[in-house]
file final-v6.txt (compact mmCIF, N, CA and C atoms)
# COMPACT_ATOMS: atom_id res chain seq x y z
N MET A 1 97.79 110.31 41.59
CA MET A 1 98.77 110.20 40.50
C MET A 1 100.11 110.81 40.92
N VAL A 2 100.09 112.02 41.46
CA VAL A 2 101.33 112.66 41.87
C VAL A 2 101.98 111.88 43.01
N MET A 3 101.16 111.39 43.94
CA MET A 3 101.70 110.61 45.06
C MET A 3 102.43 109.36 44.57
N GLU A 4 101.90 108.72 43.55
CA GLU A 4 102.55 107.54 42.99
C GLU A 4 103.89 107.89 42.36
N ILE A 5 103.96 109.00 41.67
CA ILE A 5 105.21 109.44 41.04
C ILE A 5 106.25 109.77 42.11
N VAL A 6 105.84 110.49 43.15
CA VAL A 6 106.76 110.83 44.24
C VAL A 6 107.25 109.56 44.93
N GLN A 7 106.34 108.60 45.17
CA GLN A 7 106.74 107.34 45.80
C GLN A 7 107.74 106.59 44.93
N MET A 8 107.52 106.59 43.60
CA MET A 8 108.46 105.95 42.69
C MET A 8 109.84 106.62 42.77
N LEU A 9 109.87 107.95 42.88
CA LEU A 9 111.12 108.68 43.02
C LEU A 9 111.85 108.26 44.30
N PHE A 10 111.12 108.22 45.42
CA PHE A 10 111.73 107.82 46.69
C PHE A 10 112.21 106.38 46.64
N ASP A 11 111.44 105.50 46.03
CA ASP A 11 111.85 104.10 45.89
C ASP A 11 113.13 104.00 45.06
N GLY A 12 113.22 104.81 44.00
CA GLY A 12 114.41 104.82 43.17
C GLY A 12 115.64 105.30 43.92
N ILE A 13 115.47 106.37 44.71
CA ILE A 13 116.59 106.88 45.52
C ILE A 13 117.04 105.81 46.51
N THR A 14 116.08 105.14 47.14
CA THR A 14 116.41 104.09 48.10
C THR A 14 117.20 102.98 47.43
N GLU A 15 116.78 102.54 46.27
CA GLU A 15 117.49 101.48 45.54
C GLU A 15 118.92 101.89 45.20
N ILE A 16 119.10 103.12 44.76
CA ILE A 16 120.43 103.60 44.42
C ILE A 16 121.31 103.64 45.67
N LEU A 17 120.75 104.08 46.81
CA LEU A 17 121.51 104.10 48.05
C LEU A 17 121.95 102.69 48.45
N VAL A 18 121.06 101.73 48.29
CA VAL A 18 121.39 100.34 48.63
C VAL A 18 122.46 99.80 47.68
N ASP A 19 122.30 100.06 46.39
CA ASP A 19 123.22 99.50 45.39
C ASP A 19 124.55 100.23 45.31
N GLU A 20 124.53 101.56 45.39
CA GLU A 20 125.74 102.34 45.11
C GLU A 20 126.28 103.11 46.31
N GLY A 21 125.47 103.29 47.35
CA GLY A 21 125.95 103.97 48.55
C GLY A 21 125.79 105.47 48.54
N GLY A 22 125.26 106.05 47.46
CA GLY A 22 125.08 107.49 47.45
C GLY A 22 124.47 107.97 46.14
N ILE A 23 123.88 109.16 46.20
CA ILE A 23 123.32 109.77 45.00
C ILE A 23 123.39 111.29 45.14
N GLU A 24 123.81 111.95 44.07
CA GLU A 24 123.87 113.41 44.05
C GLU A 24 122.79 113.94 43.13
N LEU A 25 121.94 114.81 43.68
CA LEU A 25 120.91 115.47 42.89
C LEU A 25 121.33 116.92 42.75
N ARG A 26 121.75 117.31 41.57
CA ARG A 26 122.29 118.65 41.33
C ARG A 26 121.36 119.74 41.84
N ASN A 27 121.93 120.74 42.47
CA ASN A 27 121.24 121.90 43.04
C ASN A 27 120.27 121.54 44.17
N PHE A 28 120.20 120.27 44.55
CA PHE A 28 119.34 119.86 45.66
C PHE A 28 120.20 119.38 46.82
N GLY A 29 121.00 118.32 46.59
CA GLY A 29 121.86 117.83 47.65
C GLY A 29 122.40 116.44 47.37
N VAL A 30 123.08 115.90 48.37
CA VAL A 30 123.71 114.59 48.26
C VAL A 30 123.21 113.70 49.39
N PHE A 31 122.69 112.53 49.02
CA PHE A 31 122.34 111.49 49.98
C PHE A 31 123.49 110.50 49.97
N LYS A 32 123.95 110.09 51.16
CA LYS A 32 125.10 109.20 51.23
C LYS A 32 124.91 108.23 52.39
N VAL A 33 125.31 106.97 52.18
CA VAL A 33 125.26 105.98 53.24
C VAL A 33 126.59 106.05 53.99
N THR A 34 126.51 106.25 55.31
CA THR A 34 127.72 106.28 56.14
C THR A 34 127.60 105.18 57.19
N GLU A 35 128.73 104.80 57.74
CA GLU A 35 128.76 103.75 58.74
C GLU A 35 129.25 104.32 60.06
N SER A 36 128.50 104.06 61.13
CA SER A 36 128.95 104.48 62.45
C SER A 36 129.65 103.30 63.12
N LYS A 37 130.62 103.59 63.95
CA LYS A 37 131.37 102.55 64.65
C LYS A 37 130.60 102.05 65.86
N ARG A 38 130.93 100.88 66.30
CA ARG A 38 130.38 100.35 67.53
C ARG A 38 130.90 101.22 68.68
N ARG A 39 130.03 101.51 69.65
CA ARG A 39 130.46 102.38 70.74
C ARG A 39 129.76 102.02 72.04
N GLU A 40 130.31 102.52 73.10
CA GLU A 40 129.71 102.31 74.41
C GLU A 40 128.86 103.52 74.76
N ALA A 41 127.66 103.26 75.32
CA ALA A 41 126.77 104.33 75.74
C ALA A 41 126.26 104.01 77.14
N ARG A 42 125.48 104.89 77.70
CA ARG A 42 124.91 104.69 79.03
C ARG A 42 123.39 104.68 78.95
N ASN A 43 122.79 103.75 79.68
CA ASN A 43 121.34 103.74 79.84
C ASN A 43 120.99 104.89 80.78
N PRO A 44 120.18 105.86 80.34
CA PRO A 44 119.91 107.03 81.18
C PRO A 44 119.14 106.71 82.47
N ARG A 45 118.39 105.63 82.48
CA ARG A 45 117.63 105.27 83.69
C ARG A 45 118.48 104.58 84.74
N THR A 46 119.36 103.68 84.28
CA THR A 46 120.13 102.88 85.24
C THR A 46 121.60 103.26 85.29
N ALA A 47 122.05 104.05 84.35
CA ALA A 47 123.46 104.45 84.21
C ALA A 47 124.35 103.26 83.87
N ALA A 48 123.75 102.14 83.50
CA ALA A 48 124.53 100.96 83.12
C ALA A 48 125.13 101.17 81.73
N ALA A 49 126.33 100.64 81.53
CA ALA A 49 126.99 100.72 80.23
C ALA A 49 126.34 99.72 79.28
N VAL A 50 126.09 100.16 78.05
CA VAL A 50 125.55 99.28 77.02
C VAL A 50 126.35 99.50 75.75
N MET A 51 126.49 98.44 74.96
CA MET A 51 127.20 98.56 73.69
C MET A 51 126.18 98.84 72.58
N VAL A 52 126.45 99.89 71.82
CA VAL A 52 125.62 100.24 70.67
C VAL A 52 126.32 99.66 69.45
N PRO A 53 125.66 98.78 68.70
CA PRO A 53 126.33 98.14 67.57
C PRO A 53 126.59 99.13 66.43
N ALA A 54 127.55 98.78 65.59
CA ALA A 54 127.81 99.57 64.38
C ALA A 54 126.58 99.49 63.50
N ARG A 55 126.33 100.55 62.74
CA ARG A 55 125.18 100.54 61.84
C ARG A 55 125.40 101.49 60.68
N ARG A 56 124.58 101.32 59.68
CA ARG A 56 124.61 102.21 58.52
C ARG A 56 123.45 103.18 58.62
N ARG A 57 123.70 104.41 58.18
CA ARG A 57 122.62 105.40 58.17
C ARG A 57 122.78 106.28 56.94
N VAL A 58 121.71 106.95 56.60
CA VAL A 58 121.72 107.84 55.45
C VAL A 58 121.92 109.27 55.94
N THR A 59 122.86 109.96 55.33
CA THR A 59 123.08 111.37 55.64
C THR A 59 122.70 112.19 54.41
N PHE A 60 122.38 113.45 54.66
CA PHE A 60 122.02 114.35 53.57
C PHE A 60 122.76 115.66 53.75
N LYS A 61 123.35 116.14 52.69
CA LYS A 61 123.98 117.46 52.70
C LYS A 61 123.33 118.28 51.60
N ALA A 62 122.75 119.41 51.99
CA ALA A 62 122.06 120.26 51.02
C ALA A 62 123.03 120.82 50.00
N GLY A 63 122.56 120.93 48.77
CA GLY A 63 123.35 121.53 47.70
C GLY A 63 123.41 123.05 47.86
N THR A 64 124.31 123.67 47.16
CA THR A 64 124.52 125.11 47.26
C THR A 64 123.26 125.90 46.96
N GLU A 65 122.58 125.54 45.88
CA GLU A 65 121.37 126.26 45.49
C GLU A 65 120.27 126.12 46.54
N MET A 66 120.07 124.92 47.03
CA MET A 66 119.04 124.70 48.05
C MET A 66 119.38 125.46 49.33
N ALA A 67 120.62 125.37 49.78
CA ALA A 67 121.04 126.06 51.00
C ALA A 67 120.86 127.57 50.86
N ARG A 68 121.19 128.10 49.70
CA ARG A 68 121.04 129.54 49.47
C ARG A 68 119.58 129.95 49.56
N ARG A 69 118.71 129.21 48.89
CA ARG A 69 117.29 129.57 48.88
C ARG A 69 116.65 129.41 50.24
N VAL A 70 117.02 128.38 50.97
CA VAL A 70 116.47 128.20 52.33
C VAL A 70 116.99 129.31 53.24
N GLY A 71 118.23 129.71 53.06
CA GLY A 71 118.79 130.81 53.83
C GLY A 71 118.03 132.11 53.59
N GLU A 72 117.60 132.33 52.36
CA GLU A 72 116.80 133.51 52.06
C GLU A 72 115.45 133.46 52.75
N LEU A 73 114.87 132.28 52.87
CA LEU A 73 113.58 132.13 53.57
C LEU A 73 113.71 132.53 55.03
N ARG A 74 114.78 132.11 55.68
CA ARG A 74 114.99 132.44 57.07
C ARG A 74 115.10 133.95 57.28
N ALA A 75 115.73 134.63 56.32
CA ALA A 75 115.90 136.07 56.44
C ALA A 75 114.55 136.78 56.35
N VAL A 76 113.63 136.25 55.58
CA VAL A 76 112.30 136.84 55.42
C VAL A 76 111.45 136.59 56.66
N ALA A 77 111.54 135.38 57.22
CA ALA A 77 110.68 135.01 58.36
C ALA A 77 111.08 135.66 59.60
call {"tool": "encode", "arguments": {"input": "final-v6.txt", "output": "structure tokens"}}
result
Amino acid sequence: MVMEIVQMLFDGITEILVDEGGIELRNFGVFKVTESKRREARNPRTAAAVMVPARRRVTFKAGTEMARRVGELRAVA
């Protein structure tokens, strides 16, 4: 039951990211779709130049409350 609810939450976040490009969850953080530019990279085995295409990715920035609480955990550990 809980797994289904969590999956529904993740599915909802995914849909919002696709439709709107971002979602802010107060005291938790911000999920945002960003776009990387096309760039040149090197194949580490052959050192040949390859083009990496532009793509979209999801970034996450922790909210103030979450960052504070996680920071306190590190101090304890």
call {"tool": "closest_residue", "arguments": {"input": "final-v6.txt", "among": "A:Thr59, A:Thr64, A:Asn43, A:Gln7", "to": "Phe31 of chain A", "atoms": "all atoms listed in the file"}}
result
A:Thr59
call {"tool": "residues_around", "arguments": {"input": "final-v6.txt", "residues": "Lys61 of chain A", "least_positions_apart": "4", "cutoff": "7 Å", "atoms": "only N, CA and C atoms", "output": "PyMOL selection string"}}
result
chain A and resi 28-32
call {"tool": "select_by_dssp", "arguments": {"input": "final-v6.txt", "residues": "chain A", "states": "strand (DSSP E or B)", "output": "short mmCIF file (atom, residue, chain, number, x, y, z; two decimals) with N, CA and C atoms, in the frame of the given file"}}
result
data_model
loop_
_atom_site.label_atom_id
_atom_site.label_comp_id
_atom_site.auth_asym_id
_atom_site.auth_seq_id
_atom_site.Cartn_x
_atom_site.Cartn_y
_atom_site.Cartn_z
N GLY A 22 125.26 106.05 47.46
CA GLY A 22 125.08 107.49 47.45
C GLY A 22 124.47 107.97 46.14
N ILE A 23 123.88 109.16 46.20
CA ILE A 23 123.32 109.77 45.00
C ILE A 23 123.39 111.29 45.14
N GLU A 24 123.81 111.95 44.07
CA GLU A 24 123.87 113.41 44.05
C GLU A 24 122.79 113.94 43.13
N LEU A 25 121.94 114.81 43.68
CA LEU A 25 120.91 115.47 42.89
C LEU A 25 121.33 116.92 42.75
N GLY A 29 121.00 118.32 46.59
CA GLY A 29 121.86 117.83 47.65
C GLY A 29 122.40 116.44 47.37
N VAL A 30 123.08 115.90 48.37
CA VAL A 30 123.71 114.59 48.26
C VAL A 30 123.21 113.70 49.39
N PHE A 31 122.69 112.53 49.02
CA PHE A 31 122.34 111.49 49.98
C PHE A 31 123.49 110.50 49.97
N LYS A 32 123.95 110.09 51.16
CA LYS A 32 125.10 109.20 51.23
C LYS A 32 124.91 108.23 52.39
N VAL A 33 125.31 106.97 52.18
CA VAL A 33 125.26 105.98 53.24
C VAL A 33 126.59 106.05 53.99
N THR A 34 126.51 106.25 55.31
CA THR A 34 127.72 106.28 56.14
C THR A 34 127.60 105.18 57.19
N GLU A 35 128.73 104.80 57.74
CA GLU A 35 128.76 103.75 58.74
C GLU A 35 129.25 104.32 60.06
N SER A 36 128.50 104.06 61.13
CA SER A 36 128.95 104.48 62.45
C SER A 36 129.65 103.30 63.12
N ARG A 39 130.03 101.51 69.65
CA ARG A 39 130.46 102.38 70.74
C ARG A 39 129.76 102.02 72.04
N GLU A 40 130.31 102.52 73.10
CA GLU A 40 129.71 102.31 74.41
C GLU A 40 128.86 103.52 74.76
N ALA A 41 127.66 103.26 75.32
CA ALA A 41 126.77 104.33 75.74
C ALA A 41 126.26 104.01 77.14
N ARG A 42 125.48 104.89 77.70
CA ARG A 42 124.91 104.69 79.03
C ARG A 42 123.39 104.68 78.95
N ALA A 49 126.33 100.64 81.53
CA ALA A 49 126.99 100.72 80.23
C ALA A 49 126.34 99.72 79.28
N VAL A 50 126.09 100.16 78.05
CA VAL A 50 125.55 99.28 77.02
C VAL A 50 126.35 99.50 75.75
N MET A 51 126.49 98.44 74.96
CA MET A 51 127.20 98.56 73.69
C MET A 51 126.18 98.84 72.58
N VAL A 52 126.45 99.89 71.82
CA VAL A 52 125.62 100.24 70.67
C VAL A 52 126.32 99.66 69.45
N ARG A 55 126.33 100.55 62.74
CA ARG A 55 125.18 100.54 61.84
C ARG A 55 125.40 101.49 60.68
N ARG A 56 124.58 101.32 59.68
CA ARG A 56 124.61 102.21 58.52
C ARG A 56 123.45 103.18 58.62
N ARG A 57 123.70 104.41 58.18
CA ARG A 57 122.62 105.40 58.17
C ARG A 57 122.78 106.28 56.94
N VAL A 58 121.71 106.95 56.60
CA VAL A 58 121.72 107.84 55.45
C VAL A 58 121.92 109.27 55.94
N THR A 59 122.86 109.96 55.33
CA THR A 59 123.08 111.37 55.64
C THR A 59 122.70 112.19 54.41
N PHE A 60 122.38 113.45 54.66
CA PHE A 60 122.02 114.35 53.57
C PHE A 60 122.76 115.66 53.75
N LYS A 61 123.35 116.14 52.69
CA LYS A 61 123.98 117.46 52.70
C LYS A 61 123.33 118.28 51.60
N ALA A 62 122.75 119.41 51.99
CA ALA A 62 122.06 120.26 51.02
C ALA A 62 123.03 120.82 50.00
#
call {"tool": "atom_distance", "arguments": {"input": "final-v6.txt", "atom1": "atom CA of Val70 of chain A", "atom2": "atom CA of Arg26 of chain A"}}
result
15.7 Å
call {"tool": "residues_near_point", "arguments": {"input": "final-v6.txt", "point": "(136.8, 99.0, 70.0)", "cutoff": "12 Å", "atoms": "only C-alpha atoms", "output": "list in words"}}
result
Lys37, Arg38, Arg39, Glu40, Met51, Val52, Pro53 and Ala54 of chain A
call {"tool": "atom_distance", "arguments": {"input": "final-v6.txt", "atom1": "atom CA of Gly12 of chain A", "atom2": "atom CA of Val58 of chain A"}}
result
14.6 Å
call {"tool": "atom_distance", "arguments": {"input": "final-v6.txt", "atom1": "atom C of Ala62 of chain A", "atom2": "atom CA of Glu20 of chain A"}}
result
19.3 Å
call {"tool": "decode", "arguments": {"input": "final-v6.txt", "residues": "chain A", "atoms": "C-alpha atoms", "output": "short mmCIF file (atom, residue, chain, number, x, y, z; two decimals), in the first residue's frame"}}
result
data_model
loop_
_atom_site.label_atom_id
_atom_site.label_comp_id
_atom_site.auth_asym_id
_atom_site.auth_seq_id
_atom_site.Cartn_x
_atom_site.Cartn_y
_atom_site.Cartn_z
CA MET A 1 0.00 0.00 0.00
CA VAL A 2 2.71 2.50 0.96
CA MET A 3 4.79 1.52 -2.08
CA GLU A 4 1.84 2.31 -4.35
CA ILE A 5 1.37 5.74 -2.75
CA VAL A 6 5.09 6.55 -3.08
CA GLN A 7 5.05 5.41 -6.72
CA MET A 8 2.03 7.64 -7.39
CA LEU A 9 3.93 10.57 -5.84
CA PHE A 10 6.98 9.92 -8.06
CA ASP A 11 4.76 9.54 -11.13
CA GLY A 12 3.10 12.86 -10.30
CA ILE A 13 6.45 14.63 -9.91
CA THR A 14 7.58 13.18 -13.24
CA GLU A 15 4.43 14.41 -14.99
CA ILE A 16 4.85 17.91 -13.58
CA LEU A 17 8.50 17.98 -14.71
CA VAL A 18 7.45 16.96 -18.22
CA ASP A 19 4.56 19.44 -18.38
CA GLU A 20 5.94 22.44 -16.49
CA GLY A 21 9.71 21.97 -16.29
CA GLY A 22 10.01 22.16 -12.51
CA ILE A 23 8.43 21.65 -9.12
CA GLU A 24 9.18 23.16 -5.71
CA LEU A 25 8.44 21.11 -2.61
CA ARG A 26 8.60 23.48 0.37
CA ASN A 27 11.26 22.64 2.97
CA PHE A 28 12.42 19.71 0.80
CA GLY A 29 13.83 21.11 -2.43
CA VAL A 30 13.39 22.03 -6.08
CA PHE A 31 13.40 19.65 -9.03
CA LYS A 32 14.09 21.43 -12.32
CA VAL A 33 14.60 20.37 -15.94
CA THR A 34 17.77 21.90 -17.39
CA GLU A 35 19.25 21.64 -20.85
CA SER A 36 22.90 20.90 -21.55
CA LYS A 37 24.52 22.16 -24.74
CA ARG A 38 26.01 19.98 -27.42
CA ARG A 39 29.72 19.53 -26.74
CA GLU A 40 32.83 17.76 -27.86
CA ALA A 41 34.30 15.02 -25.66
CA ARG A 42 37.03 12.40 -25.95
CA ASN A 43 36.69 8.64 -26.03
CA PRO A 44 38.98 7.56 -23.15
CA ARG A 45 40.07 4.36 -24.92
CA THR A 46 40.94 5.79 -28.32
CA ALA A 47 41.28 9.51 -27.54
CA ALA A 48 39.08 10.15 -30.58
CA ALA A 49 36.87 13.23 -30.50
CA VAL A 50 33.13 12.52 -30.25
CA MET A 51 30.18 14.88 -30.21
CA VAL A 52 27.88 14.59 -27.21
CA PRO A 53 24.38 15.74 -28.21
CA ALA A 54 22.40 18.32 -26.26
CA ARG A 55 20.03 16.76 -23.74
CA ARG A 56 17.64 17.52 -20.94
CA ARG A 57 18.27 16.38 -17.39
CA VAL A 58 16.67 16.78 -14.00
CA THR A 59 18.54 18.70 -11.32
CA PHE A 60 17.72 18.88 -7.64
CA LYS A 61 18.58 21.57 -5.14
CA ALA A 62 17.87 20.80 -1.50
CA GLY A 63 15.67 23.21 0.41
CA THR A 64 16.96 25.14 3.41
CA GLU A 65 15.26 22.91 5.97
CA MET A 66 16.47 19.69 4.37
CA ALA A 67 20.03 20.99 3.97
CA ARG A 68 20.10 22.11 7.61
CA ARG A 69 18.88 18.76 8.93
CA VAL A 70 21.24 16.74 6.75
CA GLY A 71 24.09 19.00 7.88
CA GLU A 72 23.25 18.17 11.48
CA LEU A 73 23.42 14.45 10.67
CA ARG A 74 26.94 14.82 9.31
CA ALA A 75 28.03 16.56 12.50
CA VAL A 76 26.77 13.64 14.59
CA ALA A 77 28.34 10.91 12.41
#
